[in-house]
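> See work_2.cif below, with mmCIF, C-alpha atoms.
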```cif
data_start
#
loop_
_atom_site.label_atom_id
_atom_site.label_comp_id
_atom_site.auth_asym_id
_atom_site.auth_seq_id
_atom_site.Cartn_x
_atom_site.Cartn_y
_atom_site.Cartn_z
CA MET A 1 32.26 37.57 -49.79
CA SER A 2 29.27 36.58 -51.91
CA THR A 3 26.98 33.58 -51.79
CA ALA A 4 28.81 32.28 -54.88
CA ASP A 5 32.08 32.42 -52.91
CA THR A 6 30.41 30.46 -50.11
CA ILE A 7 29.27 27.79 -52.58
CA HIS A 8 32.76 27.60 -54.05
CA ALA A 9 34.30 27.24 -50.57
CA MET A 10 31.89 24.41 -49.76
CA GLN A 11 32.56 22.62 -53.03
CA GLU A 12 36.29 22.96 -52.41
CA ARG A 13 36.02 21.59 -48.85
CA PHE A 14 33.55 18.78 -49.69
CA PRO A 15 34.29 17.70 -53.28
CA ASP A 16 32.93 14.20 -52.68
CA LEU A 17 29.44 15.55 -51.96
CA HIS A 18 29.04 17.14 -55.41
CA LEU A 19 27.24 20.07 -53.82
CA ALA A 20 25.13 22.13 -56.18
CA ALA A 21 23.37 25.36 -55.30
CA LEU A 22 19.79 25.66 -56.49
CA PRO A 23 17.48 28.68 -56.42
CA LEU A 24 15.23 28.73 -53.37
CA VAL A 25 12.25 29.86 -55.43
CA THR A 26 11.33 29.38 -59.07
CA TYR A 27 8.46 31.60 -60.20
CA ALA A 28 5.72 30.63 -62.67
CA ASP A 29 7.32 32.77 -65.39
CA GLY A 30 10.65 30.92 -65.01
CA ARG A 31 12.49 33.61 -63.02
CA THR A 32 14.41 32.43 -59.96
CA SER A 33 15.35 34.04 -56.68
CA ASP A 34 18.93 34.97 -55.92
CA GLN A 35 18.74 33.05 -52.64
CA LEU A 36 20.13 29.50 -52.79
CA TRP A 37 19.79 26.11 -51.14
CA MET A 38 21.95 23.00 -51.12
CA ARG A 39 21.16 19.35 -50.50
CA VAL A 40 23.32 17.78 -47.78
CA PRO A 41 23.28 14.07 -46.84
CA ALA A 42 22.12 13.48 -43.26
CA GLU A 43 25.32 11.67 -42.33
CA ARG A 44 27.43 14.69 -43.36
CA LEU A 45 25.21 17.44 -41.94
CA LEU A 46 27.31 18.16 -38.85
CA ALA A 47 30.58 18.43 -40.79
CA VAL A 48 29.03 20.74 -43.39
CA ALA A 49 27.24 22.87 -40.79
CA LYS A 50 30.39 23.20 -38.65
CA PHE A 51 32.36 24.29 -41.72
CA LEU A 52 29.70 26.85 -42.63
CA ARG A 53 29.68 28.23 -39.10
CA ASP A 54 33.44 28.31 -38.48
CA ASP A 55 35.22 28.94 -41.78
CA PRO A 56 36.06 32.66 -42.25
CA ARG A 57 34.98 32.44 -45.91
CA THR A 58 31.45 31.43 -44.93
CA LYS A 59 30.84 32.48 -41.29
CA PHE A 60 27.18 31.50 -40.87
CA GLU A 61 26.87 32.53 -37.23
CA GLN A 62 23.11 32.23 -37.00
CA LEU A 63 20.60 29.48 -37.55
CA CYS A 64 17.50 31.62 -38.05
CA ASP A 65 15.03 28.83 -38.82
CA LEU A 66 14.73 25.07 -38.79
CA THR A 67 11.63 23.43 -40.16
CA CYS A 68 10.40 20.41 -42.10
CA VAL A 69 8.36 19.69 -45.22
CA ASP A 70 6.46 16.47 -45.88
CA TYR A 71 6.81 15.74 -49.60
CA LEU A 72 4.30 12.85 -49.59
CA GLY A 73 2.49 12.98 -52.93
CA TYR A 74 4.58 15.90 -54.21
CA PRO A 75 5.25 15.53 -57.95
CA GLY A 76 8.78 14.31 -58.60
CA ALA A 77 9.72 14.02 -54.92
CA GLU A 78 12.16 11.20 -54.20
CA ASP A 79 12.17 11.54 -50.42
CA ARG A 80 9.44 11.85 -47.81
CA PHE A 81 10.78 14.58 -45.50
CA GLY A 82 13.00 17.58 -46.03
CA VAL A 83 14.50 19.11 -42.90
CA ILE A 84 15.38 22.69 -43.78
CA TYR A 85 18.02 24.86 -42.10
CA ALA A 86 18.01 28.60 -42.82
CA LEU A 87 21.46 30.03 -42.10
CA VAL A 88 22.49 33.68 -41.91
CA SER A 89 25.98 35.13 -42.18
CA LEU A 90 25.90 38.42 -40.30
CA THR A 91 29.57 38.96 -41.21
CA HIS A 92 29.08 38.56 -44.96
CA GLY A 93 25.43 39.61 -45.16
CA HIS A 94 23.92 36.63 -46.93
CA ARG A 95 21.74 33.57 -46.38
CA LEU A 96 21.86 29.93 -47.36
CA TRP A 97 19.38 27.11 -46.91
CA LEU A 98 20.45 23.53 -46.33
CA LYS A 99 18.03 20.69 -46.98
CA VAL A 100 18.49 17.23 -45.53
CA PHE A 101 16.15 14.57 -46.88
CA VAL A 102 15.10 11.53 -44.85
CA ASN A 103 12.53 8.78 -45.20
CA ASP A 104 10.25 6.48 -43.24
CA PRO A 105 10.18 4.27 -41.27
CA GLN A 106 12.76 5.98 -39.02
CA PRO A 107 13.44 9.51 -40.30
CA GLU A 108 16.55 10.66 -38.44
CA VAL A 109 18.90 13.65 -38.67
CA PRO A 110 21.84 14.59 -36.40
CA SER A 111 21.06 17.42 -34.00
CA VAL A 112 22.80 20.73 -34.66
CA THR A 113 22.32 21.95 -31.08
CA SER A 114 26.06 21.52 -30.49
CA LEU A 115 26.64 24.17 -33.18
CA TRP A 116 23.67 26.47 -32.68
CA ARG A 117 22.00 26.27 -29.26
CA GLY A 118 18.92 27.95 -30.70
CA ALA A 119 18.16 24.72 -32.60
CA GLU A 120 16.97 22.95 -29.45
CA TRP A 121 13.31 23.97 -29.54
CA PRO A 122 12.84 23.99 -33.35
CA GLU A 123 14.22 20.43 -33.47
CA ARG A 124 11.76 19.44 -30.74
CA GLU A 125 8.91 21.04 -32.71
CA VAL A 126 9.86 19.18 -35.91
CA TYR A 127 10.06 15.95 -33.93
CA ASP A 128 6.69 16.62 -32.29
CA MET A 129 4.82 17.53 -35.47
CA PHE A 130 6.57 15.38 -38.13
CA GLY A 131 8.23 12.54 -36.19
CA VAL A 132 11.75 13.27 -37.44
CA ARG A 133 14.21 12.28 -34.70
CA PHE A 134 17.34 14.32 -34.01
CA THR A 135 20.15 12.10 -32.78
CA GLY A 136 22.29 13.68 -30.10
CA HIS A 137 19.60 16.16 -29.07
CA PRO A 138 19.94 17.02 -25.35
CA ASP A 139 16.20 16.83 -24.57
CA LEU A 140 14.18 15.34 -27.45
CA ARG A 141 10.62 15.12 -26.22
CA ARG A 142 7.30 16.49 -27.32
CA ILE A 143 6.95 20.24 -26.95
CA LEU A 144 3.42 20.99 -28.22
CA LEU A 145 1.50 17.76 -27.69
CA PRO A 146 1.11 15.43 -24.71
CA GLN A 147 3.93 12.93 -24.20
CA ASN A 148 1.56 9.99 -24.75
CA PHE A 149 0.39 11.29 -28.14
CA THR A 150 1.37 8.71 -30.75
CA ALA A 151 0.86 10.50 -34.09
CA TYR A 152 2.46 13.42 -35.93
CA PRO A 153 -0.18 15.96 -37.03
CA LEU A 154 1.78 17.79 -39.75
CA ARG A 155 2.40 14.66 -41.76
CA LYS A 156 0.33 14.66 -44.92
CA ASP A 157 -1.10 11.23 -44.15
CA TYR A 158 -2.54 12.46 -40.84
CA PRO A 159 -6.36 12.69 -41.11
CA LEU A 160 -7.74 16.21 -41.43
CA THR A 161 -10.32 15.50 -38.75
CA GLY A 162 -7.75 14.06 -36.36
CA GLN A 163 -7.71 10.58 -34.84
CA GLY A 164 -10.12 11.07 -31.97
CA GLU A 165 -7.51 12.67 -29.77
CA ARG A 166 -9.86 15.42 -28.59
CA GLU A 167 -11.97 12.86 -26.80
CA ASP A 168 -8.97 11.82 -24.69
CA PHE A 169 -7.98 15.31 -23.53
CA GLU A 170 -8.81 16.19 -19.96
CA VAL A 171 -11.62 18.73 -19.78
CA VAL A 172 -10.45 21.73 -17.81
CA THR A 173 -13.11 23.87 -16.18
CA ARG A 174 -12.86 26.99 -14.05
CA GLU A 175 -13.21 24.86 -10.95
CA THR A 176 -10.44 22.37 -11.85
CA ALA A 177 -7.98 24.88 -13.35
#
```
I'd like the structure from this file rewritten - as structure tokens, please.


Amino acid sequence: MSTADTIHAMQERFPDLHLAALPLVTYADGRTSDQLWMRVPAERLLAVAKFLRDDPRTKFEQLCDLTCVDYLGYPGAEDRFGVIYALVSLTHGHRLWLKVFVNDPQPEVPSVTSLWRGAEWPEREVYDMFGVRFTGHPDLRRILLPQNFTAYPLRKDYPLTGQGEREDFEVVTRETA
């Protein structure tokens, strides 16, 4: 089973989505990588991900990465955030990236923790650093920053020098630790 077969199976199962596979990387000289990504609407993410995990033609058993990109100010970008899912098929020996694009003021994506339990902490990290909410997540709370922190430091509109948050952190000394 090749990646092309996977793409064909997805297009056959979801003809209304008009799924198109694009190269993950395009080099300066015009060459492209053989690894592919597909754009999936947020409202259809769970159905597509479940199909990719369960169908014998695709069999993506592993979610190996989940991250986010802020496309603010990126030339030609139509959406603010891209939530990226890197899937691996151990059975068929190939990879596929899914991208789900969402926008302000309430960027929201369904949680895939019901499909891949390993998504729990990466979803929390994306929420903590970018402010993208994952509906249906079993424990969506900040993982890296204090619960009362109100901003999202990996957004491109976050000031490089911070927002004065260091002044509010409790100073921990040897005596108080």

> Would you kindly translate the PyMOL selection byres ((chain A and resi 110) around 7) into the concrete residues it picks from this file, as a list in words?

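After applying the PyMOL selection byres ((chain A and resi 110) around 7), what remains is Ala42, Leu46, Glu108, Val109, Ser111, Val112, Phe134, Thr135 and Gly136 of chain A.
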
> Quote the spacing between atom CA of Pro146 of chain A and atom CA of Leu160 of chain A in Å to one decimal place.

18.9 Å

> Which of these residues is nearest to Val69 of chain A, using all atoms listed in the file: A:His94, A:Arg57, A:Lys99, A:Arg141?

A:Lys99

> Can you translate the PyMOL selection byres ((chain A and resi 121) around 12) into the concrete residues it hits in this file, as a PyMOL selection string?

chain A and resi 65-67+111-113+116-120+122-128+134+137-144

> Write to file, as an mmCIF file, in the frame of the given file, the residues of the selection just made, with C-alpha atoms.


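In the end it all went to part33.cif:
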```cif
data_model
loop_
_atom_site.group_PDB
_atom_site.id
_atom_site.type_symbol
_atom_site.label_atom_id
_atom_site.label_comp_id
_atom_site.auth_asym_id
_atom_site.auth_seq_id
_atom_site.Cartn_x
_atom_site.Cartn_y
_atom_site.Cartn_z
ATOM 1 C CA ASP A 65 15.030 28.830 -38.820
ATOM 2 C CA LEU A 66 14.730 25.070 -38.790
ATOM 3 C CA THR A 67 11.630 23.430 -40.160
ATOM 4 C CA SER A 111 21.060 17.420 -34.000
ATOM 5 C CA VAL A 112 22.800 20.730 -34.660
ATOM 6 C CA THR A 113 22.320 21.950 -31.080
ATOM 7 C CA TRP A 116 23.670 26.470 -32.680
ATOM 8 C CA ARG A 117 22.000 26.270 -29.260
ATOM 9 C CA GLY A 118 18.920 27.950 -30.700
ATOM 10 C CA ALA A 119 18.160 24.720 -32.600
ATOM 11 C CA GLU A 120 16.970 22.950 -29.450
ATOM 12 C CA PRO A 122 12.840 23.990 -33.350
ATOM 13 C CA GLU A 123 14.220 20.430 -33.470
ATOM 14 C CA ARG A 124 11.760 19.440 -30.740
ATOM 15 C CA GLU A 125 8.910 21.040 -32.710
ATOM 16 C CA VAL A 126 9.860 19.180 -35.910
ATOM 17 C CA TYR A 127 10.060 15.950 -33.930
ATOM 18 C CA ASP A 128 6.690 16.620 -32.290
ATOM 19 C CA PHE A 134 17.340 14.320 -34.010
ATOM 20 C CA HIS A 137 19.600 16.160 -29.070
ATOM 21 C CA PRO A 138 19.940 17.020 -25.350
ATOM 22 C CA ASP A 139 16.200 16.830 -24.570
ATOM 23 C CA LEU A 140 14.180 15.340 -27.450
ATOM 24 C CA ARG A 141 10.620 15.120 -26.220
ATOM 25 C CA ARG A 142 7.300 16.490 -27.320
ATOM 26 C CA ILE A 143 6.950 20.240 -26.950
ATOM 27 C CA LEU A 144 3.420 20.990 -28.220
#
```

> Using all atoms listed in the file, find each residue in segment 87-156 of chain A having at least one atom no more than 12 Å away from segment 24-32 of chain A; report its shortest atom-to-atom pair and that distance in Å (one decimal), rows by chain then rising number, as a tab-separated table.


```
residue	atom	partner	partner_atom	distance
A:Arg95	CA	A:Leu24	CA	10.7
A:Leu96	CA	A:Leu24	CA	9.0
A:Trp97	CA	A:Leu24	CA	7.8
A:Leu98	CA	A:Leu24	CA	10.2
A:Lys99	CA	A:Leu24	CA	10.6
```

> At a cut-off of 12 Å, using only C-alpha atoms, what residues contact Asp5 of chain A? Leave out same-chain residues fewer than 3 positions from it and give the result as a VMD selection string.

chain A and resid 1 to 2 8 to 12 21 52 56 to 59 92 94 96

> Would you compute the distance between atom CA of Val132 of chain A and atom CA of Pro107 of chain A? Give it in Å to one decimal.

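Calculated distance between atom CA of Val132 of chain A and atom CA of Pro107 of chain A is 5.0 Å.
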
> Using the chain letters and numbers from the file, which residues does the PyMOL selection byres ((chain A and resi 71) around 6) grab, as a ChimeraX atom specification?

/A:70,72,74,80-81

> What is the distance, in Å and to one decimal place, between atom CA of His18 of chain A and atom CA of Gly82 of chain A?

18.6 Å

> Hey, what's within 10 Å of Val48 of chain A if we count all atoms listed in the file and toss same-chain stuff fewer than 5 positions away? As a list in words, please?

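Skipping anything fewer than 5 positions along the chain leaves Met10, Arg13, Phe14, Val40, Pro41, Glu43, Arg53 and Leu98 of chain A.
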
> Pick out the closest residue to Glu78 of chain A from this set: A:Asn103, A:Thr161, A:Ser114, A:Gln62. Count only C-alpha atoms.

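Using only C-alpha atoms, the shortest distance to Glu78 of chain A belongs to A:Asn103.
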
> Check the smallest atom-to-atom distance from each of A:Ala77, A:Cys68, A:Pro15, A:Gly93 to Gly131 of chain A using all atoms listed in the file, then report the winner.

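Ranked by minimum distance to Gly131 of chain A, first place goes to A:Cys68.
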